[in-house]
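Colleague: Structure incoming, see below.
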Amino acid sequence: MKLKGLNALITGGSQGLGRVIAEVFVREGASVMLCARDAALLEATRAELAGIAAPGQQVLARACDVSSEHQVNALVAAAIAELGAVQVLVNNAGIYGPLGPTESVPLDEWRRAIEINLYGVLLPCRALIPHFKAAGRGKIIIISGGGATNPLPNISSYAASKAAVVRLMETFSEELKSHHIDVNAVAPGALKTRLMQEVLDAGPEKVGAAFYAKNVQWTEDGATPPALAANLCAYLASPESDGVTGRLISAQWDPWKTLHTHRDEFGDIYTLRRIVPEDRGKNWP
């Protein structure tokens with residue numbers, strides 16, 4: 001079991017990808033603290049996962065809005081107190097936000113998506129980093145999405161926030177490297193979750209015909225199994241990946257099981273960077 005003896009805090013852990021990540025972590029030997037906003041659903045998930053935990057493993061849960069500094073600080077304090085220590089943070093909580101042309105969607109909903117998707121990563125990191133620094137180690141994993149690397153017309157708050165968290169990840173990686181704290185982002189692929197259903201419910205008029213058609217196709221036969229991203233998260237949480245940091249890694253397309261063998265070759269591989277003419281074989285005066 002690659003996570004035996006480790007304790008992890010997983011946000012958005014009650015359903016969807018977060019629920020699958022939590023199950024993989026428990027099966028790999030970790031104790032976990034889960035958080036989500038829906039207390040009833042969270043408790044149901046906690047009870048299910050406690051049923052597969054081995055003796056000595058803890059499966060804990062606490063309702064939390066990750067965009068609230070007060071609630072996040074209380075969550076982290078509880079996780080440290082009840083687990084004894086935390087070695088892994090998985091920032092999974094996220095929403096699509098308003099769907100539709102950017103100039104017409106409600107601005108308060110646009111802001112709310114930024115608060116959850118961006119501040120909901122920043123705040124748990126800020127709360128746990130001092131604990132990781134004191135221990136001289138730590139793992140931070142951030143769930144990214146398609147908006148980080150490609151424009152997403154009509155889903156602009158989601159796209160903007162996901163691009164932001166990847167650059168935040170890269171920045172944290174540089175800040176924390178000397179403390180042996182690895183920080184990475186995971187692109188899970190197109191998952192058949194409530195987010196996909198939101199796109200289908202919104203219809204092509206709001207999200208655009210092309211993106212709607214993609215989601216229909218993914219729903220029918222092309223969705224990425226969430227276990228791929230969950231197992232990548234387990235790899236990044238494990239000692240095997242020590243020193244792999246500052247990377248945006250695709251669960252579906254990248255050879256992540258052996259990334260640790262390429263630690264000295266990374267350069268700007270798996271990062272977000274500006275493309276200049278020379279990168280495309282052009283020499284513009």
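By order in the structure tokens, chains are A, B, ...; within a chain, residues start at 1; ligands start at 1, following the order shown.
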Give me the residues near Lys162 (chain A) as an MDAnalysis selection string, where near means some atom within 8 Å (using only C-alpha atoms) and where sequence neighbours in that chain fewer than 2 positions away do not count.
Modeller: chainID A and resid 117:118 144:148 158:160 164:166
Colleague: Could you give me, as a ChimeraX atom specification, the residues within 12 Å of Ile95 (chain A), counting only C-alpha atoms and dropping anything in the same chain fewer than 3 positions from it?
Modeller: /A:12,16,66-67,92,98-99,109-118,120,143-145,155-159,161-162,193-196,198-199
Colleague: Only N, CA and C atoms, please: the residues just picked out, written as a compact mmCIF listing (two decimals), in the first residue's frame.
Modeller:
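The result, stored in selection32.txt:
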```
# COMPACT_ATOMS: atom_id res chain seq x y z
N GLY A 12 -13.79 18.72 -1.21
CA GLY A 12 -14.77 18.25 -2.17
C GLY A 12 -14.82 16.73 -2.22
N GLY A 16 -18.39 12.52 -6.73
CA GLY A 16 -17.61 12.72 -7.94
C GLY A 16 -16.17 12.27 -7.79
N VAL A 66 -14.85 25.91 1.31
CA VAL A 66 -13.42 26.17 1.13
C VAL A 66 -13.12 27.61 0.74
N SER A 67 -14.14 28.39 0.43
CA SER A 67 -13.90 29.80 0.13
C SER A 67 -13.92 30.67 1.38
N ASN A 92 -9.56 19.47 -4.34
CA ASN A 92 -10.43 18.96 -5.39
C ASN A 92 -11.71 19.77 -5.56
N PRO A 98 -21.25 30.06 -13.60
CA PRO A 98 -22.33 30.38 -14.55
C PRO A 98 -21.96 29.97 -15.98
N LEU A 99 -22.94 29.47 -16.71
CA LEU A 99 -22.74 29.04 -18.09
C LEU A 99 -23.45 30.01 -19.02
N GLU A 109 -22.39 35.33 -9.56
CA GLU A 109 -22.10 33.90 -9.77
C GLU A 109 -20.70 33.72 -10.34
N TRP A 110 -20.26 34.64 -11.19
CA TRP A 110 -18.91 34.58 -11.76
C TRP A 110 -17.88 34.72 -10.63
N ARG A 111 -18.12 35.69 -9.75
CA ARG A 111 -17.22 35.88 -8.60
C ARG A 111 -17.21 34.65 -7.69
N ARG A 112 -18.38 34.06 -7.50
CA ARG A 112 -18.49 32.91 -6.60
C ARG A 112 -17.66 31.73 -7.11
N ALA A 113 -17.65 31.53 -8.41
CA ALA A 113 -16.83 30.45 -8.98
C ALA A 113 -15.34 30.71 -8.72
N ILE A 114 -14.91 31.96 -8.84
CA ILE A 114 -13.52 32.30 -8.53
C ILE A 114 -13.22 32.04 -7.06
N GLU A 115 -14.14 32.41 -6.20
CA GLU A 115 -13.94 32.19 -4.77
C GLU A 115 -13.75 30.72 -4.44
N ILE A 116 -14.56 29.86 -5.03
CA ILE A 116 -14.47 28.42 -4.74
C ILE A 116 -13.28 27.79 -5.43
N ASN A 117 -13.09 28.07 -6.71
CA ASN A 117 -12.06 27.38 -7.48
C ASN A 117 -10.64 27.89 -7.23
N LEU A 118 -10.50 29.19 -6.95
CA LEU A 118 -9.17 29.76 -6.73
C LEU A 118 -8.88 29.97 -5.25
N GLY A 120 -10.50 28.71 -2.91
CA GLY A 120 -10.69 27.39 -2.31
C GLY A 120 -9.47 26.51 -2.41
N ILE A 143 -6.50 19.80 -8.33
CA ILE A 143 -7.21 19.31 -9.50
C ILE A 143 -7.46 20.48 -10.43
N SER A 144 -6.90 20.37 -11.63
CA SER A 144 -7.07 21.40 -12.65
C SER A 144 -8.21 20.98 -13.57
N GLY A 145 -8.22 21.49 -14.78
CA GLY A 145 -9.27 21.15 -15.72
C GLY A 145 -8.94 21.70 -17.09
N ILE A 155 -17.84 29.46 -20.46
CA ILE A 155 -17.57 28.93 -19.11
C ILE A 155 -16.36 29.68 -18.58
N SER A 156 -16.40 30.99 -18.67
CA SER A 156 -15.19 31.80 -18.50
C SER A 156 -14.68 31.84 -17.07
N SER A 157 -15.56 31.84 -16.08
CA SER A 157 -15.08 31.90 -14.70
C SER A 157 -14.33 30.62 -14.34
N TYR A 158 -14.83 29.49 -14.80
CA TYR A 158 -14.16 28.21 -14.58
C TYR A 158 -12.79 28.21 -15.27
N ALA A 159 -12.76 28.62 -16.54
CA ALA A 159 -11.50 28.62 -17.29
C ALA A 159 -10.47 29.54 -16.64
N SER A 161 -10.30 30.60 -13.53
CA SER A 161 -9.87 30.13 -12.22
C SER A 161 -8.93 28.93 -12.34
N LYS A 162 -9.17 28.05 -13.31
CA LYS A 162 -8.31 26.88 -13.45
C LYS A 162 -6.93 27.25 -14.00
N THR A 193 -19.46 13.37 -14.44
CA THR A 193 -19.85 13.80 -13.10
C THR A 193 -20.98 14.82 -13.21
N ARG A 194 -21.31 15.42 -12.07
CA ARG A 194 -22.37 16.44 -12.05
C ARG A 194 -22.01 17.64 -12.93
N LEU A 195 -20.72 17.93 -13.12
CA LEU A 195 -20.34 19.05 -13.97
C LEU A 195 -20.72 18.79 -15.42
N MET A 196 -20.51 17.56 -15.88
CA MET A 196 -20.92 17.22 -17.23
C MET A 196 -22.43 17.32 -17.37
N GLU A 198 -24.34 19.32 -15.75
CA GLU A 198 -24.70 20.74 -15.79
C GLU A 198 -24.63 21.28 -17.22
N VAL A 199 -23.62 20.86 -17.97
CA VAL A 199 -23.49 21.29 -19.36
C VAL A 199 -24.67 20.78 -20.18
```
Colleague: Within 9 Å of Asp38 (chain A), counting only C-alpha atoms, which residues show up once you throw out same-chain ones fewer than 5 positions away? Write them as a VMD selection string, please.
Modeller: chain A and resid 14 43 63 to 64
Colleague: Would you list, as a count of residues only, the residues of region 10-98 of chain A that end up in alpha helix (DSSP H) under DSSP run on this structure's backbone?
Modeller: 39
Colleague: Can you tell me, as a ChimeraX atom specification, which residues in region 151-260 of chain A count as strand (DSSP E) by DSSP?
Modeller: /A:181-187,248-250
Colleague: Write the residues you've just listed into a file as an mmCIF file, in the first residue's frame, and include N, CA and C atoms for each of them.
Modeller:
```cif
data_model
loop_
_atom_site.group_PDB
_atom_site.id
_atom_site.type_symbol
_atom_site.label_atom_id
_atom_site.label_comp_id
_atom_site.auth_asym_id
_atom_site.auth_seq_id
_atom_site.Cartn_x
_atom_site.Cartn_y
_atom_site.Cartn_z
ATOM 1 N N ILE A 181 8.538 20.236 -0.057
ATOM 2 C CA ILE A 181 7.090 20.194 -0.248
ATOM 3 C C ILE A 181 6.823 20.195 -1.742
ATOM 4 N N ASP A 182 6.265 19.105 -2.239
ATOM 5 C CA ASP A 182 5.985 18.964 -3.664
ATOM 6 C C ASP A 182 4.579 19.471 -3.962
ATOM 7 N N VAL A 183 4.450 20.250 -5.032
ATOM 8 C CA VAL A 183 3.160 20.844 -5.404
ATOM 9 C C VAL A 183 2.914 20.566 -6.884
ATOM 10 N N ASN A 184 1.815 19.907 -7.194
ATOM 11 C CA ASN A 184 1.503 19.556 -8.576
ATOM 12 C C ASN A 184 0.016 19.719 -8.855
ATOM 13 N N ALA A 185 -0.324 19.812 -10.137
ATOM 14 C CA ALA A 185 -1.717 19.884 -10.568
ATOM 15 C C ALA A 185 -2.034 18.682 -11.448
ATOM 16 N N VAL A 186 -3.264 18.232 -11.378
ATOM 17 C CA VAL A 186 -3.723 17.069 -12.132
ATOM 18 C C VAL A 186 -4.845 17.486 -13.070
ATOM 19 N N ALA A 187 -4.686 17.172 -14.346
ATOM 20 C CA ALA A 187 -5.767 17.326 -15.318
ATOM 21 C C ALA A 187 -6.453 15.971 -15.440
ATOM 22 N N LEU A 248 1.931 20.272 -14.287
ATOM 23 C CA LEU A 248 0.527 20.025 -14.631
ATOM 24 C C LEU A 248 0.509 18.716 -15.409
ATOM 25 N N ILE A 249 -0.063 17.678 -14.827
ATOM 26 C CA ILE A 249 0.057 16.328 -15.358
ATOM 27 C C ILE A 249 -1.317 15.813 -15.779
ATOM 28 N N SER A 250 -1.398 15.301 -16.981
ATOM 29 C CA SER A 250 -2.642 14.723 -17.483
ATOM 30 C C SER A 250 -2.751 13.274 -17.042
#
```
